[in-house]
Structure formats: C-alpha cells, structure tokens
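Peer 1: Below is the file final-v3.txt, with compact mmCIF, C-alpha atoms and all ligand atoms.
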# COMPACT_ATOMS: atom_id res chain seq x y z
CA MET A 10 49.72 -4.19 -65.47
CA SER A 11 47.47 -6.67 -63.69
CA HIS A 12 46.58 -6.62 -60.01
CA SER A 13 45.84 -9.97 -58.36
CA THR A 14 44.06 -9.69 -55.02
CA PRO A 15 45.41 -11.52 -51.99
CA ARG A 16 43.07 -12.36 -49.11
CA LEU A 17 44.09 -9.31 -47.04
CA ALA A 18 44.02 -6.71 -49.79
CA LYS A 19 45.43 -3.31 -48.86
CA VAL A 20 43.29 -0.46 -50.13
CA ALA A 21 44.09 3.26 -50.23
CA ILE A 22 41.11 5.62 -50.38
CA ILE A 23 41.71 9.22 -51.43
CA GLY A 24 39.08 11.55 -49.96
CA ALA A 25 37.29 11.39 -46.60
CA GLY A 26 33.88 12.67 -47.67
CA MET A 27 30.68 10.65 -47.55
CA ALA A 28 31.65 8.50 -50.56
CA GLY A 29 35.19 7.68 -49.43
CA LEU A 30 34.27 6.99 -45.80
CA THR A 31 31.30 4.81 -46.79
CA CYS A 32 33.47 2.79 -49.16
CA ALA A 33 36.22 2.51 -46.54
CA ARG A 34 33.87 1.26 -43.81
CA ARG A 35 32.35 -1.37 -46.05
CA LEU A 36 35.72 -2.68 -47.24
CA GLN A 37 37.16 -2.70 -43.73
CA ALA A 38 34.10 -4.51 -42.37
CA ALA A 39 34.75 -7.19 -45.01
CA GLY A 40 38.29 -7.64 -43.72
CA ARG A 41 40.28 -5.44 -46.10
CA SER A 42 43.13 -3.31 -44.77
CA VAL A 43 42.07 0.25 -45.53
CA THR A 44 43.87 3.59 -45.21
CA VAL A 45 42.07 6.84 -46.03
CA PHE A 46 44.04 9.91 -47.15
CA GLU A 47 42.45 13.34 -46.71
CA LYS A 48 43.99 16.68 -47.62
CA SER A 49 41.96 18.62 -45.04
CA ARG A 50 41.99 18.53 -41.25
CA GLY A 51 38.43 17.23 -41.01
CA THR A 52 36.75 14.06 -42.18
CA ALA A 53 33.48 15.16 -43.72
CA GLY A 54 34.34 16.66 -47.10
CA ARG A 55 31.54 18.96 -48.13
CA MET A 56 29.44 18.16 -45.02
CA SER A 57 31.45 20.68 -43.04
CA THR A 58 30.95 22.97 -40.06
CA ARG A 59 32.78 26.14 -38.99
CA ARG A 60 32.73 27.18 -35.33
CA LEU A 61 33.49 30.80 -34.45
CA ASP A 62 33.05 31.36 -30.71
CA ALA A 63 29.33 30.99 -29.96
CA TRP A 64 28.37 30.92 -33.64
CA HIS A 65 28.31 27.68 -35.61
CA PHE A 66 27.83 27.46 -39.37
CA ASP A 67 27.26 24.42 -41.59
CA HIS A 68 28.92 25.99 -44.60
CA GLY A 69 28.73 22.93 -46.86
CA ALA A 70 25.58 20.83 -47.22
CA ASP A 71 22.97 22.32 -44.88
CA GLY A 72 21.21 18.97 -44.57
CA PHE A 73 19.95 16.25 -46.86
CA THR A 74 17.02 14.06 -47.78
CA ALA A 75 16.70 10.29 -48.11
CA ARG A 76 14.86 8.81 -51.08
CA SER A 77 15.93 5.19 -51.51
CA LEU A 78 14.95 2.45 -49.07
CA GLY A 79 18.61 1.63 -48.46
CA PHE A 80 19.62 5.18 -47.56
CA THR A 81 16.45 5.67 -45.49
CA ALA A 82 17.42 2.62 -43.43
CA GLN A 83 20.95 4.00 -43.03
CA VAL A 84 19.56 7.38 -41.94
CA GLU A 85 17.32 5.69 -39.35
CA GLY A 86 20.44 3.96 -38.02
CA TRP A 87 22.29 7.27 -37.68
CA ILE A 88 19.26 8.78 -35.91
CA ALA A 89 19.27 5.85 -33.47
CA GLU A 90 22.99 6.47 -32.85
CA GLY A 91 22.15 10.11 -32.08
CA VAL A 92 24.43 11.62 -34.72
CA LEU A 93 21.55 12.60 -37.03
CA ALA A 94 18.28 14.41 -36.33
CA ARG A 95 15.26 15.65 -38.26
CA TRP A 96 15.15 19.39 -38.95
CA GLN A 97 11.79 20.94 -39.80
CA PRO A 98 12.77 24.44 -40.98
CA ARG A 99 10.16 27.16 -41.30
CA SER A 100 10.58 27.52 -45.05
CA ALA A 101 9.96 30.38 -47.45
CA THR A 102 10.60 31.45 -51.00
CA TRP A 103 11.67 34.98 -51.90
CA GLN A 104 10.98 36.56 -55.28
CA PRO A 105 11.54 40.17 -56.38
CA GLU A 106 7.82 40.82 -57.01
CA THR A 107 6.35 39.09 -53.97
CA GLY A 108 9.08 39.12 -51.32
CA PHE A 109 8.94 36.30 -48.75
CA GLU A 110 6.18 33.71 -49.01
CA ALA A 111 5.75 30.57 -46.92
CA SER A 112 6.60 27.33 -48.72
CA PRO A 113 6.05 23.69 -47.67
CA GLN A 114 8.17 22.67 -44.67
CA HIS A 115 9.96 19.53 -45.80
CA ALA A 116 11.91 17.71 -43.11
CA ARG A 117 15.64 17.39 -43.71
CA PHE A 118 18.26 15.34 -41.95
CA VAL A 119 21.10 17.14 -40.21
CA ALA A 120 24.03 15.84 -38.22
CA GLN A 121 24.38 17.18 -34.69
CA PRO A 122 25.93 19.20 -33.18
CA GLY A 123 27.12 20.15 -36.70
CA MET A 124 27.11 18.55 -40.15
CA SER A 125 30.76 17.54 -39.77
CA ALA A 126 29.77 15.24 -36.87
CA LEU A 127 28.59 12.65 -39.38
CA GLY A 128 32.01 12.53 -41.03
CA ARG A 129 33.66 12.16 -37.62
CA GLN A 130 31.30 9.31 -36.77
CA LEU A 131 31.96 7.52 -40.07
CA ALA A 132 35.72 7.87 -39.60
CA LYS A 133 35.66 6.16 -36.20
CA GLY A 134 37.66 2.94 -36.32
CA LEU A 135 39.22 3.80 -39.70
CA THR A 136 42.85 4.68 -40.30
CA VAL A 137 42.67 8.21 -41.70
CA GLN A 138 45.77 10.19 -42.60
CA ARG A 139 44.58 13.78 -42.32
CA GLN A 140 46.19 16.82 -43.93
CA GLN A 141 47.81 14.56 -46.50
CA ARG A 142 47.21 15.65 -50.07
CA VAL A 143 47.87 12.80 -52.48
CA LEU A 144 49.81 13.74 -55.62
CA PRO A 145 48.91 12.44 -59.10
CA LEU A 146 49.33 8.69 -59.55
CA ALA A 147 51.61 7.23 -62.19
CA ASN A 148 51.41 3.73 -63.66
CA GLN A 149 53.28 1.34 -61.43
CA ALA A 150 53.97 -2.38 -61.68
CA ARG A 151 51.83 -4.78 -59.60
CA SER A 152 50.97 -2.38 -56.78
CA TRP A 153 50.44 1.30 -55.99
CA PHE A 154 52.51 3.75 -53.99
CA LEU A 155 51.01 7.13 -53.15
CA ASP A 156 53.21 10.21 -53.15
CA LEU A 157 52.09 12.82 -50.66
CA GLU A 158 52.51 16.57 -50.96
CA SER A 159 54.13 16.48 -47.51
CA GLY A 160 57.00 14.52 -49.07
CA GLY A 161 56.09 11.05 -47.81
CA ARG A 162 55.43 7.94 -49.86
CA GLU A 163 52.83 5.36 -48.73
CA GLY A 164 52.26 1.84 -49.97
CA PRO A 165 52.26 -0.62 -51.50
CA PHE A 166 48.48 -0.88 -51.96
CA HIS A 167 46.68 -3.45 -54.09
CA HIS A 168 43.81 -1.10 -54.84
CA VAL A 169 43.29 2.66 -54.92
CA VAL A 170 39.87 4.34 -54.66
CA ILE A 171 39.51 7.97 -55.71
CA ALA A 172 36.58 9.56 -53.83
CA THR A 173 36.87 13.24 -54.77
CA PRO A 174 34.93 15.53 -57.12
CA GLN A 175 35.76 14.69 -60.74
CA GLU A 176 37.76 17.89 -61.19
CA GLN A 177 40.14 16.60 -58.49
CA ALA A 178 39.98 12.96 -59.63
CA ILE A 179 41.03 13.57 -63.24
CA PRO A 180 44.48 15.07 -62.44
CA LEU A 181 45.09 12.27 -59.93
CA LEU A 182 44.48 9.66 -62.65
CA ASP A 183 45.86 11.45 -65.69
CA GLY A 184 49.21 9.66 -65.61
CA THR A 185 47.66 6.19 -65.39
CA ASP A 186 45.94 3.96 -67.95
CA PHE A 187 42.59 4.50 -66.20
CA PRO A 188 39.97 5.44 -68.83
CA LEU A 189 38.97 9.02 -68.07
CA ALA A 190 36.11 9.37 -70.58
CA LEU A 191 33.37 8.70 -68.00
CA LEU A 192 34.74 11.32 -65.61
CA GLN A 193 35.30 13.85 -68.38
CA ALA A 194 31.71 13.35 -69.58
CA GLN A 195 30.19 14.42 -66.25
CA PRO A 196 28.78 17.96 -66.06
CA PRO A 197 31.20 20.30 -64.27
CA SER A 198 30.67 20.92 -60.56
CA LEU A 199 29.05 24.25 -59.69
CA PRO A 200 31.00 26.73 -57.54
CA CYS A 201 29.49 28.35 -54.45
CA TRP A 202 30.59 31.27 -52.33
CA ILE A 203 29.33 31.06 -48.75
CA LEU A 204 28.89 34.10 -46.51
CA MET A 205 28.35 33.58 -42.78
CA PHE A 206 26.86 36.14 -40.40
CA GLY A 207 26.37 35.91 -36.65
CA TRP A 208 24.37 38.33 -34.51
CA ASP A 209 24.20 38.84 -30.76
CA GLY A 210 20.39 38.72 -30.79
CA PRO A 211 17.79 36.95 -32.95
CA LEU A 212 16.61 38.39 -36.26
CA ALA A 213 12.87 38.99 -36.47
CA LEU A 214 12.54 37.15 -39.80
CA PRO A 215 10.15 34.22 -39.16
CA TRP A 216 11.94 31.79 -41.52
CA ASP A 217 14.77 29.29 -41.11
CA ARG A 218 15.38 28.24 -44.71
CA ILE A 219 14.74 30.60 -47.61
CA ASP A 220 15.10 29.83 -51.31
CA PHE A 221 15.74 32.94 -53.37
CA VAL A 222 14.35 33.05 -56.91
CA ASP A 223 15.71 35.55 -59.43
CA HIS A 224 17.95 37.25 -56.89
CA PRO A 225 21.16 38.48 -58.56
CA HIS A 226 23.41 37.03 -55.85
CA LEU A 227 21.61 34.96 -53.26
CA ALA A 228 20.44 31.38 -53.77
CA ARG A 229 19.58 30.27 -50.24
CA ALA A 230 19.73 31.54 -46.65
CA LEU A 231 19.73 29.24 -43.62
CA ARG A 232 19.30 29.98 -39.93
CA ASN A 233 21.85 27.48 -38.62
CA ASN A 234 20.81 27.83 -34.98
CA SER A 235 17.30 26.60 -35.84
CA LYS A 236 18.73 23.12 -36.41
CA PRO A 237 18.61 20.60 -33.56
CA GLY A 238 21.63 20.39 -31.26
CA ARG A 239 23.15 23.78 -32.17
CA PRO A 240 24.03 26.58 -29.77
CA GLY A 241 21.44 29.37 -29.70
CA ALA A 242 23.55 32.24 -31.09
CA GLU A 243 21.91 33.69 -34.21
CA SER A 244 23.95 32.21 -37.08
CA TRP A 245 23.08 32.52 -40.78
CA VAL A 246 24.67 30.78 -43.76
CA LEU A 247 24.10 32.45 -47.14
CA GLN A 248 24.72 30.47 -50.32
CA ILE A 249 25.57 32.65 -53.31
CA THR A 250 24.20 31.57 -56.72
CA PRO A 251 26.45 29.46 -58.98
CA GLU A 252 26.44 32.27 -61.57
CA ALA A 253 27.55 35.00 -59.14
CA SER A 254 30.01 32.58 -57.53
CA ARG A 255 31.55 31.86 -60.94
CA THR A 256 31.77 35.57 -61.76
CA HIS A 257 33.62 36.24 -58.49
CA LEU A 258 35.46 32.92 -58.24
CA GLU A 259 38.89 34.53 -57.80
CA ALA A 260 37.70 37.26 -55.43
CA THR A 261 38.79 37.25 -51.81
CA GLY A 262 36.39 36.48 -48.98
CA ASP A 263 36.84 40.01 -47.66
CA SER A 264 35.90 41.54 -51.00
CA MET A 265 32.82 39.29 -51.23
CA LEU A 266 31.76 40.43 -47.77
CA ALA A 267 32.47 44.07 -48.63
CA MET A 268 30.37 43.77 -51.78
CA LEU A 269 27.36 41.91 -50.38
CA GLN A 270 27.18 42.16 -46.59
CA THR A 271 25.10 45.34 -46.27
CA GLU A 272 22.60 44.40 -48.98
CA LEU A 273 22.10 40.82 -47.82
CA CYS A 274 21.85 41.64 -44.12
CA GLN A 275 19.19 44.24 -44.93
CA LEU A 276 17.34 41.64 -46.98
CA LEU A 277 17.24 39.40 -43.89
CA GLY A 278 15.79 42.32 -41.92
CA ALA A 279 18.86 42.86 -39.73
CA THR A 280 18.77 46.22 -37.99
CA GLU A 281 22.34 45.95 -36.72
CA PRO A 282 25.55 44.86 -38.42
CA PRO A 283 26.55 41.28 -37.64
CA ALA A 284 28.82 40.67 -34.65
CA ILE A 285 30.83 38.17 -36.65
CA THR A 286 31.35 37.42 -40.35
CA SER A 287 33.13 34.74 -42.32
CA SER A 288 33.27 33.37 -45.85
CA HIS A 289 34.21 30.25 -47.74
CA ARG A 290 34.64 29.51 -51.43
CA TRP A 291 33.75 26.08 -52.79
CA ARG A 292 35.23 25.67 -56.24
CA PHE A 293 33.40 22.35 -56.57
CA ALA A 294 30.30 22.66 -54.41
CA GLN A 295 27.47 20.77 -56.00
CA HIS A 296 26.80 18.75 -59.08
CA PRO A 297 23.94 19.65 -61.37
CA ALA A 298 21.07 17.31 -60.42
CA VAL A 299 21.08 14.42 -62.87
CA GLN A 300 19.37 11.06 -62.94
CA PRO A 301 21.25 8.55 -60.78
CA ARG A 302 23.52 6.62 -63.12
CA GLU A 303 24.05 2.86 -63.18
CA PRO A 304 26.52 1.86 -62.01
CA SER A 305 27.25 4.73 -59.62
CA PHE A 306 31.03 4.13 -59.71
CA ALA A 307 33.87 3.17 -62.03
CA TRP A 308 36.17 0.21 -61.42
CA ASP A 309 39.12 -0.97 -63.48
CA LYS A 310 39.93 -4.45 -62.26
CA ALA A 311 43.16 -4.77 -64.24
CA LEU A 312 44.56 -1.57 -62.73
CA GLY A 313 42.97 -2.05 -59.31
CA ILE A 314 41.59 1.51 -59.39
CA GLY A 315 38.06 2.51 -58.40
CA VAL A 316 36.32 5.88 -58.57
CA CYS A 317 33.28 6.96 -56.55
CA GLY A 318 31.64 10.20 -55.47
CA ALA A 319 28.40 12.15 -55.42
CA TYR A 320 28.81 13.17 -59.07
CA LEU A 321 28.65 9.54 -60.19
CA GLY A 322 25.59 8.74 -58.06
CA GLY A 323 23.36 11.57 -59.28
CA GLY A 324 24.55 14.42 -56.99
CA GLY A 325 24.17 15.08 -53.24
CA VAL A 326 24.88 13.30 -49.98
CA GLU A 327 22.66 10.30 -50.71
CA ALA A 328 24.35 9.85 -54.09
CA ALA A 329 27.80 9.95 -52.46
CA TRP A 330 26.74 7.29 -49.94
CA ARG A 331 25.31 5.09 -52.67
CA SER A 332 28.37 5.46 -54.89
CA GLY A 333 30.80 4.56 -52.09
CA GLN A 334 28.66 1.64 -50.98
CA GLU A 335 28.16 0.21 -54.46
CA LEU A 336 31.83 0.50 -55.39
CA ALA A 337 32.84 -1.39 -52.23
CA ASP A 338 30.26 -4.12 -52.90
CA HIS A 339 31.47 -4.44 -56.48
CA MET A 340 35.12 -4.68 -55.42
CA LEU A 341 34.26 -7.37 -52.88
CA THR A 342 32.25 -9.48 -55.32
CA THR A 343 34.61 -9.24 -58.29
CA GLU A 344 38.04 -9.62 -56.71
C1 LIG A 401 27.25 24.77 -50.17
C2 LIG A 401 26.83 23.35 -50.40
C3 LIG A 401 25.50 23.00 -50.26
C4 LIG A 401 25.10 21.68 -50.46
N1 LIG A 401 23.79 21.33 -50.28
C5 LIG A 401 23.41 20.04 -50.38
C6 LIG A 401 22.09 19.63 -50.07
O1 LIG A 401 21.24 20.45 -49.71
N2 LIG A 401 21.77 18.31 -50.20
C7 LIG A 401 22.69 17.38 -50.59
O2 LIG A 401 22.37 16.18 -50.66
N3 LIG A 401 23.96 17.73 -50.90
C8 LIG A 401 24.33 19.03 -50.80
N4 LIG A 401 25.62 19.40 -51.10
C9 LIG A 401 26.50 18.44 -51.77
C10 LIG A 401 27.07 17.38 -50.84
O3 LIG A 401 27.70 17.99 -49.75
C11 LIG A 401 28.07 16.57 -51.65
O4 LIG A 401 27.46 16.08 -52.84
C12 LIG A 401 28.62 15.36 -50.91
O5 LIG A 401 28.89 15.66 -49.56
C13 LIG A 401 29.88 14.94 -51.65
O6 LIG A 401 30.49 13.83 -51.03
P1 LIG A 401 31.75 13.15 -51.74
O7 LIG A 401 32.26 12.15 -50.78
O8 LIG A 401 31.38 12.72 -53.11
O9 LIG A 401 32.82 14.33 -51.95
P2 LIG A 401 33.50 15.32 -50.89
O10 LIG A 401 32.63 15.54 -49.72
O11 LIG A 401 33.91 16.52 -51.68
O12 LIG A 401 34.79 14.54 -50.40
C14 LIG A 401 35.98 14.51 -51.17
C15 LIG A 401 37.17 14.66 -50.24
O13 LIG A 401 38.36 14.44 -50.99
C16 LIG A 401 39.36 15.28 -50.47
N5 LIG A 401 40.42 15.38 -51.49
C17 LIG A 401 40.33 15.92 -52.73
N6 LIG A 401 41.50 15.80 -53.39
C18 LIG A 401 42.35 15.16 -52.54
C19 LIG A 401 43.72 14.75 -52.64
N7 LIG A 401 44.45 14.96 -53.75
N8 LIG A 401 44.28 14.11 -51.58
C20 LIG A 401 43.57 13.88 -50.44
N9 LIG A 401 42.27 14.26 -50.30
C21 LIG A 401 41.67 14.88 -51.34
C22 LIG A 401 38.61 16.57 -50.19
O14 LIG A 401 39.31 17.40 -49.26
C23 LIG A 401 37.29 16.05 -49.64
O15 LIG A 401 37.31 15.96 -48.23
C24 LIG A 401 26.06 20.70 -50.85
C25 LIG A 401 27.40 21.06 -50.97
C26 LIG A 401 27.79 22.37 -50.74
C27 LIG A 401 29.25 22.73 -50.84
Step by step, read the file and then write its structure as structure tokens.
Peer 2:
Amino acid sequence: MSHSTPRLAKVAIIGAGMAGLTCARRLQAAGRSVTVFEKSRGTAGRMSTRRLDAWHFDHGADGFTARSLGFTAQVEGWIAEGVLARWQPRSATWQPETGFEASPQHARFVAQPGMSALGRQLAKGLTVQRQQRVLPLANQARSWFLDLESGGREGPFHHVVIATPQEQAIPLLDGTDFPLALLQAQPPSLPCWILMFGWDGPLALPWDRIDFVDHPHLARALRNNSKPGRPGAESWVLQITPEASRTHLEATGDSMLAMLQTELCQLLGATEPPAITSSHRWRFAQHPAVQPREPSFAWDKALGIGVCGAYLGGGGVEAAWRSGQELADHMLTTE
C-alpha cells in the first residue's frame, strides 16, 4: 500500500497528550486538516488535574523542567500567555535514617490553575473528538478509516499519527505492516499509584515537594496548593513507588487507601485524618529516563503512519513535546 499526499492532507492523531497536541498544532498551522481522537474526557493526557470541591490535585506530572533551547523558548511563550508559571517548591529529601532534610529548590514549570490547563490551551482551535477510543487499525488500501469503540467509523485519512504510550500504540498497530521493533525495544513504562489527601487546615510540615529515598511505598509527596494559581485548601498528592505500584497494580483505590492512608498521613505530620481522599492508578505513568533518541519519532511514509510520544523522546513532558514537534516537521518536509 502506498499513500500519496494531496495538498490538503487529512491527518488523524490518536492521543491528546503533549505529543499528540503538539504534532496536531504544527500540522494544522501548516495547512493540514487534522482531527485528534482522545479516549478520555480531557485533553492533557498525563498532565492531568482532579478537582474535588475546594481541593485540587495534579495527579499526573506535578510539573516539568525545560532543558533544550527550543523547549525553553516554548515555555517562555506559555508563561507570556499566562497558562504556565514558575513554581519554587520548598524541597526536601526523606530517608529512614535521617528523616526530612532540605534539598536544593529547583524551579519547575506548572500550568495554572492546574496542569490540565496546558492541554486545554493546546487543544484550542483543534478538532478534538473526546471520549472516543480508537480500535486497532488494520491494513487498508490507499487511505485509513478509524473504527471507534463507540461504534462509529471516521475517515478517510491520508495519515495516522499514534501519540500514546508504546503499550497502547503496539495493539493499535499490530494488524498493520508498520514495523513494531522500535516500539517493542523501548523499556516498559513504569506504573504509579497516586493517593490524594485534602485537609481543612494546613499541615505544619515546612516542605512542598519531598523525594522519599528507601521508603517501602512512597516515592514523592507534593503540596499541590503551594503551586501558583491554585486554591488554598491543603491538598497533597502522593506518588507511590513503581515497585509498590506494580505489586498492587490490580488493587482497588479503596484498598490502597485502606492500606497506606494512616501511615502516610502520619509521615506527613497530619494530626487529623484528611477531610477528603482520592486515588488514581496509572498503568503507564512514566518512562525510565533514557538518553533522548534520534530521531524522536517513527514515520513510515509508504503506510502514512507516524508514531510519537514521550517514550521516544527520552521520557517526560519535554520529550513528548519534542517528539510531536519533530514528527510533524518530518512529515511536512518529506511528503
Ligand atoms: C504520576 C506522574 C508523574 C510524572 N512526573 C513527571 C515529571 O515530574 N516531569 C516530567 O517531565 N514528566 C512527568 N511525567 C510524565 C509526563 O506526564 C509524560 O511523559 C507526558 O505527559 C506524556 O505525554 P504523551 O503525549 O507522550 O502521552 P500521554 O500524555 O499519555 O497522552 C496519550 C493520550 O493518548 C490517549 N489514548 C491512548 N490510547 C488511545 C486510544 N486507543 N484512542 C484514543 N486515545 C487514546 C490517552 O488517553 C492519552 O490522553 C509524569 C507522569 C505521571 C503519570
């Protein structure tokens, strides 16, 4: 099958996280007709926020850094638009022998009023079909139709971009001629259970971001209300270690809370039980940090299928941005 590209190419993008939205914006700005399909209600992927009354929790990425010149310039642009702000958390490390110790306060970038605001901003002006899970593709002649779990069928599209974690990309592509070796060679994504606790009054703990070392369950704790633009209600997000998350991957949120709530709230110095609790399981939370790979995407011109995502760019929000951007640029220069 060979896909020739007419001037107004129609592109379907599966996944409205940082990679998919970045790719979509770039292609649309260059005049392509783009439709994004997203299985969830929101458009932020793993940069997500949960609001429970007065308590707000960024239960995906808590923030991110910018290393490359290109991403730093993009971040400055988002700050100028008001959707991003610098967060200077009072940072600490906890170890069993020493307890809490101050650690360097590195600035991080956070969307406001919640991390999901960045996804909403990036989706502005794009056609996004929300709550539409795309079913596995099958080889088709000349163009692509997408079957949706809801029963619909969308297309034809000249190109399809898969912008999901590799564990979700592989089944989507399995029935096509797309070479899967690159995706299969990537290290598996790490799972992460998230526990969220909200209190009526502030905790006395003088830290906003704590890295836990050698704790059997806890990897990181974050005082969400210390970030700019959030409501003041005391809101903590606790990230469980990949190992403990894997052990309890099939547990329920209630059983995770029942198992860990008392111990972890005591660790944070809470003298009262939280007024509100919640939980979330990420099966594919983060990618083991690896060197950014070149190129940060995969593109099969004959099939008209591209693949991008954080896992191909080295892991993290910046990697997802770079991967989506570079795939779009490649598609535009090689079509
Ligand atoms: C708890 C946690 C902490 C993190 N901390 C950091 C951090 O400190 N710094 C950092 O840089 N990064 C961090 N990350 C990672 C960062 O959030 C991700 O690397 C990045 O957001 C991934 O973007 P992406 O576009 O590649 O994928 P995603 O954001 O996962 O987007 C993929 C989208 O595809 C959708 N999708 C999947 N399958 C289908 C389908 N069949 N049909 C339709 N839609 C589909 C999904 O719903 C999702 O919205 C963290 C992530 C988590 C979960």
Peer 1: Point out the residue among A:Ala194, A:Ala147, A:Ala298, A:Met265 with the least atom-to-atom distance to ligand LIG 401 (chain A), counting only C-alpha atoms and all ligand atoms.
Peer 2: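 Looking only at the distances to ligand LIG 401 (chain A), the closest residue turns out to be A:Ala298.
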Peer 1: Considering all atoms listed in the file, state which residue in the set A:Asp71, A:Glu327, A:Glu335, A:Asp263 is at the smallest distance from A:Pro304.
Peer 2: A:Glu335
Peer 1: Give me the residues within 9 Å of stretch 272-274 of chain A as a PyMOL selection string, counting all atoms listed in the file and dropping any in the same chain fewer than 5 places off.
Peer 2: chain A and resi 206+226-227+247+279-283
Peer 1: Return as a VMD selection string every polymer residue, whether protein, DNA or RNA, with at least one atom no more than 7 Å from an atom of ligand LIG 401 (chain A); count all atoms listed in the file.
Peer 2: chain A and resid 23 to 29 46 to 49 52 to 56 68 to 74 141 to 144 172 to 174 177 181 201 203 248 291 294 to 296 317 to 320 324 to 327 329
Peer 1: Counting all atoms listed in the file, which residues sit no farther than 10 Å from the position (31.2, 26.6, -33.4) in the file's frame? I'd like them as a list in words.
Peer 2: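 Final list of nearby residues, as requested, is Thr58, Arg59, Arg60, Leu61, Asp62, Ala63, Trp64, His65, Phe66, Asp67, Pro122, Gly123, Arg239, Pro240, Ala242 and Ser244 of chain A.
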Peer 1: Please provide as a compact mmCIF listing (two decimals) with C-alpha atoms, in the coordinates of the input all residues within 6 Å of A:Gln121, with the sequence filter that same-chain residues fewer than 6 positions apart are discarded (counting all atoms listed in the file).
Peer 2:
# COMPACT_ATOMS: atom_id res chain seq x y z
CA VAL A 92 24.43 11.62 -34.72
CA LEU A 93 21.55 12.60 -37.03
CA GLY A 238 21.63 20.39 -31.26
Peer 1: Atom CA of A:Arg95 and atom CA of A:Phe118, how far apart in Å?
Peer 2: 4.8 Å
Peer 1: Identify the residues within 7 Å of coordinate (41.1, -0.2, -52.9) (same frame as the file), considering all atoms listed in the file, and give the answer as JSON, numbers by chain.
Peer 2: {"A": [19, 20, 21, 22, 167, 168, 169, 170, 313, 314, 315]}
Peer 1: Mind pulling up the distance from atom CA of A:Ala328 to atom CA of A:Phe166?
Peer 2: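 For atom CA of A:Phe166 relative to atom CA of A:Ala328, the distance reads 26.5 Å.
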Peer 1: Find, counting all atoms listed in the file, the residue in A:Thr31, A:Leu131, A:Ala284, A:Leu312 that gets nearest to A:Leu146.
Peer 2: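 Nearest to A:Leu146: A:Leu312.
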Peer 1: Work out how far atom CA of A:Ser254 is from atom CA of A:Asn233, in Å to one decimal.
Peer 2: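 Separation between atom CA of A:Asn233 and atom CA of A:Ser254: 21.2 Å.
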Peer 1: Would you give me, as CSV, each residue of stretch 50-156 of chain A having an atom within 6 Å of an atom of stretch 209-224 of chain A, along with its shortest atom pair and that distance in Å to one decimal, using only C-alpha atoms and sorting by chain and residue number?
Peer 2:
residue,atom,partner,partner_atom,distance
A:Pro98,CA,A:Asp217,CA,5.2
A:Arg99,CA,A:Trp216,CA,5.0
A:Ser100,CA,A:Arg218,CA,4.9
A:Ala101,CA,A:Ile219,CA,4.8
A:Thr102,CA,A:Asp220,CA,4.8
A:Trp103,CA,A:Phe221,CA,4.8
A:Gln104,CA,A:Val222,CA,5.1
Peer 1: Could you check which of A:Pro225, A:Gly91, A:Gly160, A:Pro165 is closest to A:Thr250, using all atoms listed in the file?
Peer 2: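 Nearest candidate to A:Thr250 out of A:Pro225, A:Gly91, A:Gly160, A:Pro165: A:Pro225.
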Peer 1: Go through A:Gly333, A:Pro188, A:Pro297, A:Gly108 and flag the residue nearest A:Arg35, using all atoms listed in the file for the distances.
Peer 2: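 Among A:Gly333, A:Pro188, A:Pro297, A:Gly108, it is A:Gly333 that comes nearest to A:Arg35.
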Peer 1: What's around A:Trp96 at 8 Å? Count all atoms listed in the file, leave out sequence neighbours fewer than 4 positions away in its own chain, and write the answer as a PyMOL selection string.
Peer 2: chain A and resi 116-119+236-237
Peer 1: Missing atoms in stretch 205-210 of chain A: fill them in up to all heavy atoms and send the result as a PDB file, in the frame of the given file.
Peer 2:
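Output file out.pdb follows:
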ATOM      1  N   MET A 205      28.893  33.963 -44.096  1.00  0.00           N
ATOM      2  CA  MET A 205      28.350  33.580 -42.780  1.00  0.00           C
ATOM      3  C   MET A 205      28.257  34.817 -41.902  1.00  0.00           C
ATOM      4  O   MET A 205      29.211  35.599 -41.826  1.00  0.00           O
ATOM      5  CB  MET A 205      29.284  32.545 -42.130  1.00  0.00           C
ATOM      6  CG  MET A 205      29.307  31.231 -42.890  1.00  0.00           C
ATOM      7  SD  MET A 205      30.728  30.183 -42.470  1.00  0.00           S
ATOM      8  CE  MET A 205      31.744  30.400 -43.924  1.00  0.00           C
ATOM      9  N   PHE A 206      27.096  34.977 -41.262  1.00  0.00           N
ATOM     10  CA  PHE A 206      26.860  36.140 -40.400  1.00  0.00           C
ATOM     11  C   PHE A 206      26.319  35.674 -39.055  1.00  0.00           C
ATOM     12  O   PHE A 206      25.398  34.846 -39.005  1.00  0.00           O
ATOM     13  CB  PHE A 206      25.827  37.084 -41.045  1.00  0.00           C
ATOM     14  CG  PHE A 206      26.259  37.630 -42.389  1.00  0.00           C
ATOM     15  CD1 PHE A 206      25.522  37.372 -43.534  1.00  0.00           C
ATOM     16  CD2 PHE A 206      27.412  38.396 -42.495  1.00  0.00           C
ATOM     17  CE1 PHE A 206      25.923  37.870 -44.768  1.00  0.00           C
ATOM     18  CE2 PHE A 206      27.822  38.897 -43.728  1.00  0.00           C
ATOM     19  CZ  PHE A 206      27.077  38.634 -44.868  1.00  0.00           C
ATOM     20  N   GLY A 207      26.881  36.210 -37.988  1.00  0.00           N
ATOM     21  CA  GLY A 207      26.370  35.910 -36.650  1.00  0.00           C
ATOM     22  C   GLY A 207      25.988  37.186 -35.931  1.00  0.00           C
ATOM     23  O   GLY A 207      26.716  38.184 -36.005  1.00  0.00           O
ATOM     24  N   TRP A 208      24.830  37.163 -35.269  1.00  0.00           N
ATOM     25  CA  TRP A 208      24.370  38.330 -34.510  1.00  0.00           C
ATOM     26  C   TRP A 208      24.276  38.001 -33.023  1.00  0.00           C
ATOM     27  O   TRP A 208      24.139  36.825 -32.648  1.00  0.00           O
ATOM     28  CB  TRP A 208      22.988  38.779 -35.013  1.00  0.00           C
ATOM     29  CG  TRP A 208      23.029  39.562 -36.292  1.00  0.00           C
ATOM     30  CD1 TRP A 208      23.203  40.909 -36.420  1.00  0.00           C
ATOM     31  CD2 TRP A 208      22.885  39.054 -37.632  1.00  0.00           C
ATOM     32  NE1 TRP A 208      23.182  41.276 -37.760  1.00  0.00           N
ATOM     33  CE2 TRP A 208      22.989  40.159 -38.517  1.00  0.00           C
ATOM     34  CE3 TRP A 208      22.687  37.790 -38.180  1.00  0.00           C
ATOM     35  CZ2 TRP A 208      22.893  40.034 -39.899  1.00  0.00           C
ATOM     36  CZ3 TRP A 208      22.594  37.661 -39.557  1.00  0.00           C
ATOM     37  CH2 TRP A 208      22.703  38.768 -40.397  1.00  0.00           C
ATOM     38  N   ASP A 209      24.312  39.046 -32.212  1.00  0.00           N
ATOM     39  CA  ASP A 209      24.200  38.840 -30.760  1.00  0.00           C
ATOM     40  C   ASP A 209      22.769  38.494 -30.355  1.00  0.00           C
ATOM     41  O   ASP A 209      22.549  37.792 -29.377  1.00  0.00           O
ATOM     42  CB  ASP A 209      24.667  40.091 -30.001  1.00  0.00           C
ATOM     43  CG  ASP A 209      26.188  40.209 -30.048  1.00  0.00           C
ATOM     44  OD1 ASP A 209      26.849  39.152 -29.981  1.00  0.00           O
ATOM     45  OD2 ASP A 209      26.701  41.331 -30.187  1.00  0.00           O
ATOM     46  N   GLY A 210      21.799  39.014 -31.104  1.00  0.00           N
ATOM     47  CA  GLY A 210      20.390  38.720 -30.790  1.00  0.00           C
ATOM     48  C   GLY A 210      19.695  38.146 -32.005  1.00  0.00           C
ATOM     49  O   GLY A 210      20.224  38.212 -33.122  1.00  0.00           O
TER      50      GLY A 210
END
